[in-house]
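Asker: One structure coming up, written as structure tokens, with questions to follow.
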Amino acid sequence: MPYTKRRRLVTSAVAVALGASTLAACGSSDDGGDARSGPVSLTYWTWTPGMDKVVDLWNKGPGKEQQITVTVKKQASGDTLVTKILTAHKAGQAPDLVQAEYQALPTLVSNDALADISGEVDDVKGKFADGVWQQTTLGTDAVYAVPQDIGPMMFYYREDLFEQYGLEVPATWEEFARTARELKKAAPDKDLTTFSANDSGLFAGLAQQAGARWWTTEGEKWKVGIDDEATRKVADFWGGLVEEGAIDNQPMYTPAWNKALNTGKQIAWVSAVWAPGTLTTAAPDTKGKWAMAPLPQWSGSENRTGSWGGSSTAVTTDSENREAAAKFAEWLNTDADALGALAKEGGIYPASTSAQLSGAFAEPPEFFANQPDFYTKAADIAKTTAPSAWGPNVNVAYTSFKDAFGAAAKNKSDFSAALGTMQKETVADLEKQGFEVAR
Amino acid sequence: MTGTTARRGALRAPYFFLLPATALFLLFFALPIGYAVYLSFRKVEVSGLGLGAGAREEVWAGFQNYTDALGDSELLDGALRVLGYGCLVVPVMLGLALLFALMLDSDRVRFTPVTRLAIFLPYAIPGVVAALLWGFLYLPDVSPFHFALDRLGLPQPDLLDGGPLYFALANIAVWGGTGFNMIVIYTSLRAIPAEVYEAAKLDGASPLQIALRIKIPMVAPSLVLTFFFSIIATLQVFSEPTTLKPLTNSVSTTWSPLMKVYQDAFGKGDIHSAAAQAAIIALVTLVLSFGFLRAANRRNKQEAAR
């Protein structure tokens, strides 16, 4: 941080030397006045495919009127981009706009990389579900991002094979376990699904559904609840299934996993709304044979889901045109045309509730042509998303999950011990950084 | 007058010629290393909830990052894993390289250029590509080997788990590295003057005796060099386990020491402890490799004195 300040100081000193007019122009745009002089050009780091086409709509339409041009720089997704943003921010060189997953927002905010844009975008709050919007405020009065897409979790299964083996779609996790065992009895070489330790988002979403709140604050202290009752319930459930051999324990996204899905060796997948895209590439031969259902529940009376994935558009503190950047972020995630193009080009599922039932989502995904009400159902499920609670070192917890649960899944050993490791490492990291942690 | 200028010019000339190399060395070698060492003595301190501006401050950490790294069992475990891996890779790879070089050098082998190229070729394949290629061959459900073993009714070992994992990783390194080491040894074999062999043949030495008594002792310096390179490469193993990691639960994100450095720097965002660990690894590498070189040199001198 001292570097940035020093650099700014040098920049302004140079500006003074060059003439007061430049400085005045800078100042007015920073203050958020309407008297912005001259055109503005913004850089946007995103990993959404086809984003350049969506941005073209802006640059030719509203952007042209307001003289705000946005340039897309394609990036790698997820954690890699967080690291890159933080590194760029240390040098004072972060782009004006970035795409960030919800769980990365506290990390970015705690490094002072994201600007508070509450003044610019507060009026769009109503376009999003409360649980989604709350993730961009971190429970404060500030607003650090505009929600873009969400990933409500669902249960995907092979309709034809469920029928063949006489299985019923599980409504509760208890039934899910029974289904896994019944399948093992009927076809010992098949698995209902696998417990994969290589994507922490899945486990986080499952815990969220069970009511876990991994990071909360108590005054000026953070409280880590990874090892709480709700999460332990989830860990023990999956650990039990792996231990008894009712489901597989190999990671997802490997060639072996693709083959298992494509040949019907694995006949179900706990995933999120974006699953059709993944299945299209992983299991091309099974087109039209899958169906989607709500996630199994912990009790028959509940109706909740977790979220896996989803991201937002944020303005960085390095941006000299925060107001213009916030305008673009608002347009991108609330304008009907923009969201339609995002759905078509980028295949995203929008966070904006009105867009979830718009024309772009009238038809089911091509891979799920057999389920015409796919998106109506999805929108209903999205409404039941449980609130999430992210903290400033989600990356540490996620890494710890991969190693601890990877080893536990491999050895078919106690998952609650792995959960304990995850809790311990997350707390230790917070304390090492100097955060105060409530016990 | 011209004489003095010329002499002064001649005195300055070496420095002038040294300038580009020195500048490059300072800019791209000494400076980054110095910066990494500087970072390793710093740490970030957070106040309160750590949200918003001014919540993070970089302060001096003294030797804390170093003591933390040395006390971290995961780093030591990683070093032990790499040691086990190295005990497989280095002897097998250098043994094969020497064997191939001697075979290529013998008079009886035909198609030498083609064979040499064939053995060298895997070295030209990028490490990540090689690891992916082998990873797919190891994965039971997609591997043609497993398919063949299954058809023949033979047991199919899981190469991505437990002990076999070390063999699987070592195999990738051996496959990729043998060619390069072979070329180094082969080149120094070709440099041995023909008279030496002639003299040996006149004395009635068999090809095997020539290989054992003449060729191997004479290429000993190359063997030392390849051993030196192999130790460094082993200590720095990163791309193979990183590439195999998504395919199996058995490779953790901190499997090798360098993976731990990477994970701490870019997974956890803690560049300061990562810098300290990197400094320790560099130091250990330096001590081990130069220690080996000195030991090898001392033996050579002793033999020369005899």
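For the structure tokens, the naming scheme is as follows: chains receive sequential letters (A, B, ...) according to their order of presentation, residues are indexed from 1 within each chain, and ligands are indexed from 1 in presentation order.
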List the neighbours of Arg116 of chain B out to 10 Å using only C-alpha atoms; skip same-chain residues closer than 4 positions along the sequence, and give me the result as a PyMOL selection string.
Answerer: chain B and resi 100-101+104+111-112+120-121+179+182-183+186
Asker: Could you take the residues named above and write them with N, CA and C atoms, as an mmCIF file, in the first residue's frame?
Answerer:
```
data_model
loop_
_atom_site.group_PDB
_atom_site.id
_atom_site.type_symbol
_atom_site.label_atom_id
_atom_site.label_comp_id
_atom_site.auth_asym_id
_atom_site.auth_seq_id
_atom_site.Cartn_x
_atom_site.Cartn_y
_atom_site.Cartn_z
ATOM 1 N N PHE B 100 23.069 -46.714 -22.896
ATOM 2 C CA PHE B 100 22.737 -46.354 -24.279
ATOM 3 C C PHE B 100 23.934 -45.703 -24.960
ATOM 4 N N ALA B 101 24.635 -44.820 -24.236
ATOM 5 C CA ALA B 101 25.782 -44.126 -24.838
ATOM 6 C C ALA B 101 26.857 -45.135 -25.228
ATOM 7 N N LEU B 104 25.694 -47.119 -28.285
ATOM 8 C CA LEU B 104 25.761 -46.332 -29.511
ATOM 9 C C LEU B 104 27.203 -46.186 -29.959
ATOM 10 N N PHE B 111 22.491 -47.937 -37.714
ATOM 11 C CA PHE B 111 21.485 -46.853 -37.647
ATOM 12 C C PHE B 111 21.714 -45.936 -36.441
ATOM 13 N N THR B 112 22.994 -45.679 -36.136
ATOM 14 C CA THR B 112 23.281 -44.866 -34.945
ATOM 15 C C THR B 112 22.521 -43.532 -34.916
ATOM 16 N N PHE B 120 16.745 -39.590 -27.854
ATOM 17 C CA PHE B 120 16.784 -38.190 -27.416
ATOM 18 C C PHE B 120 15.401 -37.532 -27.484
ATOM 19 N N LEU B 121 14.568 -38.016 -28.398
ATOM 20 C CA LEU B 121 13.307 -37.343 -28.708
ATOM 21 C C LEU B 121 12.434 -36.991 -27.492
ATOM 22 N N GLY B 179 17.546 -39.264 -22.570
ATOM 23 C CA GLY B 179 18.104 -38.855 -23.850
ATOM 24 C C GLY B 179 19.127 -37.746 -23.711
ATOM 25 N N MET B 182 22.235 -39.026 -22.068
ATOM 26 C CA MET B 182 22.933 -39.904 -22.992
ATOM 27 C C MET B 182 23.773 -39.101 -23.976
ATOM 28 N N ILE B 183 23.189 -38.021 -24.501
ATOM 29 C CA ILE B 183 23.908 -37.189 -25.470
ATOM 30 C C ILE B 183 25.176 -36.616 -24.834
ATOM 31 N N TYR B 186 27.607 -39.478 -24.460
ATOM 32 C CA TYR B 186 28.021 -39.952 -25.788
ATOM 33 C C TYR B 186 29.016 -38.984 -26.424
#
```
Asker: What's the 12 Å shell around Pro372 of chain A, counting only C-alpha atoms, without same-chain residues fewer than 3 positions away, as a PyMOL selection string?
Answerer: chain A and resi 288+291-292+361-369+375-378
Asker: Name all residues at most 12 Å from segment 48-57 of chain B (count only C-alpha atoms; drop same-chain ones fewer than 5 positions away) and give them as a ChimeraX atom specification.
Answerer: /A:1-5,90,105-116,137-144,215-223,317,391-393,430-431,433-438 /B:42-43
Asker: Using C-alpha atoms, can you export the residues from the last selection as a PDB file, in the first residue's frame?
Answerer:
```pdb
ATOM      1  CA  MET A   1       0.000   0.000   0.000  1.00  0.00           C
ATOM      2  CA  PRO A   2       2.691   2.542   0.761  1.00  0.00           C
ATOM      3  CA  TYR A   3       3.944   2.032  -2.790  1.00  0.00           C
ATOM      4  CA  THR A   4       0.597   2.912  -4.316  1.00  0.00           C
ATOM      5  CA  LYS A   5       0.309   6.027  -2.260  1.00  0.00           C
ATOM      6  CA  LYS A  90       0.275  -4.278  -5.322  1.00  0.00           C
ATOM      7  CA  LEU A 105     -14.712 -10.938  -2.509  1.00  0.00           C
ATOM      8  CA  PRO A 106     -13.626 -10.818   1.190  1.00  0.00           C
ATOM      9  CA  THR A 107     -10.038 -11.677   0.206  1.00  0.00           C
ATOM     10  CA  LEU A 108     -10.023  -8.906  -2.399  1.00  0.00           C
ATOM     11  CA  VAL A 109     -11.696  -6.404  -0.080  1.00  0.00           C
ATOM     12  CA  SER A 110      -9.326  -7.192   2.743  1.00  0.00           C
ATOM     13  CA  ASN A 111      -6.436  -6.395   0.411  1.00  0.00           C
ATOM     14  CA  ASP A 112      -8.145  -3.100  -0.410  1.00  0.00           C
ATOM     15  CA  ALA A 113      -8.376  -4.060  -4.068  1.00  0.00           C
ATOM     16  CA  LEU A 114     -12.111  -3.406  -4.527  1.00  0.00           C
ATOM     17  CA  ALA A 115     -13.806  -0.029  -4.449  1.00  0.00           C
ATOM     18  CA  ASP A 116     -17.025   0.664  -2.578  1.00  0.00           C
ATOM     19  CA  THR A 137     -21.832  -6.200   0.750  1.00  0.00           C
ATOM     20  CA  LEU A 138     -20.076  -8.560   3.194  1.00  0.00           C
ATOM     21  CA  GLY A 139     -22.726  -7.521   5.694  1.00  0.00           C
ATOM     22  CA  THR A 140     -21.561  -3.879   5.684  1.00  0.00           C
ATOM     23  CA  ASP A 141     -23.087  -0.711   4.224  1.00  0.00           C
ATOM     24  CA  ALA A 142     -20.606  -0.827   1.369  1.00  0.00           C
ATOM     25  CA  VAL A 143     -21.222  -2.545  -1.985  1.00  0.00           C
ATOM     26  CA  TYR A 144     -18.158  -4.149  -3.520  1.00  0.00           C
ATOM     27  CA  TRP A 215     -17.039 -17.295   8.518  1.00  0.00           C
ATOM     28  CA  THR A 216     -18.910 -14.898  10.745  1.00  0.00           C
ATOM     29  CA  THR A 217     -17.870 -11.822  12.675  1.00  0.00           C
ATOM     30  CA  GLU A 218     -18.171 -11.062  16.347  1.00  0.00           C
ATOM     31  CA  GLY A 219     -17.385  -7.412  16.843  1.00  0.00           C
ATOM     32  CA  GLU A 220     -13.851  -6.977  15.540  1.00  0.00           C
ATOM     33  CA  LYS A 221     -13.159 -10.702  15.541  1.00  0.00           C
ATOM     34  CA  TRP A 222     -13.657 -13.401  12.944  1.00  0.00           C
ATOM     35  CA  LYS A 223     -15.275 -16.654  13.938  1.00  0.00           C
ATOM     36  CA  THR A 317      -9.530   0.830  -6.167  1.00  0.00           C
ATOM     37  CA  GLY A 391     -14.260 -14.873   5.002  1.00  0.00           C
ATOM     38  CA  PRO A 392     -10.892 -13.373   4.157  1.00  0.00           C
ATOM     39  CA  ASN A 393      -9.026 -16.679   3.694  1.00  0.00           C
ATOM     40  CA  LEU A 430      -6.026 -16.157  10.155  1.00  0.00           C
ATOM     41  CA  GLU A 431      -4.060 -15.851  13.387  1.00  0.00           C
ATOM     42  CA  GLN A 433      -1.926 -12.995   9.410  1.00  0.00           C
ATOM     43  CA  GLY A 434      -2.840 -11.097  12.561  1.00  0.00           C
ATOM     44  CA  PHE A 435      -6.631 -11.371  12.412  1.00  0.00           C
ATOM     45  CA  GLU A 436      -8.315 -11.672  15.744  1.00  0.00           C
ATOM     46  CA  VAL A 437     -10.180 -14.940  15.915  1.00  0.00           C
ATOM     47  CA  ALA A 438     -13.039 -15.590  18.319  1.00  0.00           C
TER      48      ALA A 438
ATOM     49  CA  ARG B  42       8.765  -9.315   5.835  1.00  0.00           C
ATOM     50  CA  LYS B  43       5.211 -10.212   6.720  1.00  0.00           C
TER      51      LYS B  43
END
```
Asker: For a quick check of understanding, using only C-alpha atoms, which of B:Leu247, B:Met218, B:Leu117, B:Ala97 has the smallest distance to Pro140 of chain B?
Answerer: B:Leu247
Asker: Report, in Å to a single decimal, how far apart atom CA of Thr187 of chain B and atom CA of Ile172 of chain B are.
Answerer: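 Straight-line distance from atom CA of Ile172 of chain B to atom CA of Thr187 of chain B works out to 24.1 Å.
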Asker: Distance atom CA of Ser222 of chain B-atom CA of Val129 of chain B, one decimal place?
Answerer: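 Pair atom CA of Ser222 of chain B / atom CA of Val129 of chain B returns 28.3 Å.
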Asker: Need to verify the contact set: Asp270 of chain B, 10 Å, only C-alpha atoms, exclusion of same-chain residues closer than 5 positions in sequence. Can you return it as an MDAnalysis selection string?
Answerer: (chainID A and resid 429 433) or (chainID B and resid 43:44 261:265 275)
Asker: Could you save those same residues with N, CA and C atoms as a PDB file, in the first residue's frame?
Answerer:
```
ATOM      1  N   ASP A 429      -4.119 -19.911   9.964  1.00  0.00           N
ATOM      2  CA  ASP A 429      -3.715 -18.935   8.943  1.00  0.00           C
ATOM      3  C   ASP A 429      -4.224 -17.535   9.299  1.00  0.00           C
ATOM      4  N   GLN A 433      -1.844 -14.278  10.111  1.00  0.00           N
ATOM      5  CA  GLN A 433      -1.926 -12.995   9.410  1.00  0.00           C
ATOM      6  C   GLN A 433      -2.193 -11.837  10.362  1.00  0.00           C
TER       7      GLN A 433
ATOM      8  N   LYS B  43       6.500  -9.532   6.622  1.00  0.00           N
ATOM      9  CA  LYS B  43       5.211 -10.212   6.720  1.00  0.00           C
ATOM     10  C   LYS B  43       4.102  -9.174   6.718  1.00  0.00           C
ATOM     11  N   VAL B  44       2.860  -9.651   6.502  1.00  0.00           N
ATOM     12  CA  VAL B  44       1.720  -8.754   6.474  1.00  0.00           C
ATOM     13  C   VAL B  44       0.994  -8.855   7.795  1.00  0.00           C
ATOM     14  N   VAL B 261       5.908 -24.213  -2.066  1.00  0.00           N
ATOM     15  CA  VAL B 261       6.213 -22.799  -2.294  1.00  0.00           C
ATOM     16  C   VAL B 261       5.153 -22.174  -3.180  1.00  0.00           C
ATOM     17  N   TYR B 262       4.822 -22.870  -4.266  1.00  0.00           N
ATOM     18  CA  TYR B 262       3.834 -22.361  -5.215  1.00  0.00           C
ATOM     19  C   TYR B 262       2.485 -22.189  -4.527  1.00  0.00           C
ATOM     20  N   GLN B 263       2.102 -23.214  -3.739  1.00  0.00           N
ATOM     21  CA  GLN B 263       0.820 -23.195  -3.061  1.00  0.00           C
ATOM     22  C   GLN B 263       0.731 -22.034  -2.077  1.00  0.00           C
ATOM     23  N   ASP B 264       1.830 -21.825  -1.333  1.00  0.00           N
ATOM     24  CA  ASP B 264       1.818 -20.738  -0.348  1.00  0.00           C
ATOM     25  C   ASP B 264       1.774 -19.376  -1.031  1.00  0.00           C
ATOM     26  N   ALA B 265       2.507 -19.247  -2.139  1.00  0.00           N
ATOM     27  CA  ALA B 265       2.562 -17.949  -2.803  1.00  0.00           C
ATOM     28  C   ALA B 265       1.259 -17.655  -3.543  1.00  0.00           C
ATOM     29  N   ALA B 275       8.668 -17.010   0.002  1.00  0.00           N
ATOM     30  CA  ALA B 275      10.021 -16.535  -0.298  1.00  0.00           C
ATOM     31  C   ALA B 275      11.033 -17.177   0.654  1.00  0.00           C
TER      32      ALA B 275
END
```
Asker: Report as a list in words: the residues of segment 255-309 of chain A with a DSSP assignment of helix (DSSP H, G or I), based on the backbone of this structure.
Answerer: Pro255, Ala256, Trp257, Asn258, Lys259, Ala260, Leu261, Asn262, Ala275, Pro276, Gly277, Thr278, Leu279, Thr280, Thr281, Ala282, Pro284, Asp285 and Thr286 of chain A
Asker: I'd like the neighbourhood of segment 150-167 of chain B as a ChimeraX atom specification, where a residue qualifies if any of its atoms comes within 9 Å (using only C-alpha atoms), though same-chain residues fewer than 2 positions away should be ignored.
Answerer: /A:410 /B:81,84-85,88-89,135,138-140,145-148,169-172,244,247-251
Asker: Enumerate as a PyMOL selection string all residues of segment 27-232 of chain A assigned to strand (DSSP E) by DSSP on the backbone, naming them with the chain letters and numbers the document uses.
Answerer: chain A and resi 40-46+68-74+97-101+146-158+215-218+221-224
Asker: Out of A:Asn249, A:Thr305, A:Ser118, A:Gln423, which residue has the shortest atom-to-atom distance to chain B when counting only C-alpha atoms?
Answerer: A:Asn249
Asker: Skip Val40 of chain A itself and residues of its chain fewer than 4 positions away, then list as a ChimeraX atom specification all residues within 10 Å of it, counting only C-alpha atoms.
Answerer: /A:29,36,63,66-70,320-321,324-325
Asker: For atom CA of Leu39 of chain B and atom CA of Glu58 of chain B, quote the distance in Å rounded to one decimal.
Answerer: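 Distance between the two atoms: 9.8 Å.
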Asker: With only C-alpha atoms as the counted atoms, please give the residues lying no more than 12 Å from Lys402 of chain A, apart from itself and same-chain residues fewer than 6 positions off, as number ranges by chain.
Answerer: A: 195-204, 251, 395-396, 408-410, 418-419, 421-422; B: 245-246, 248-254, 263, 267
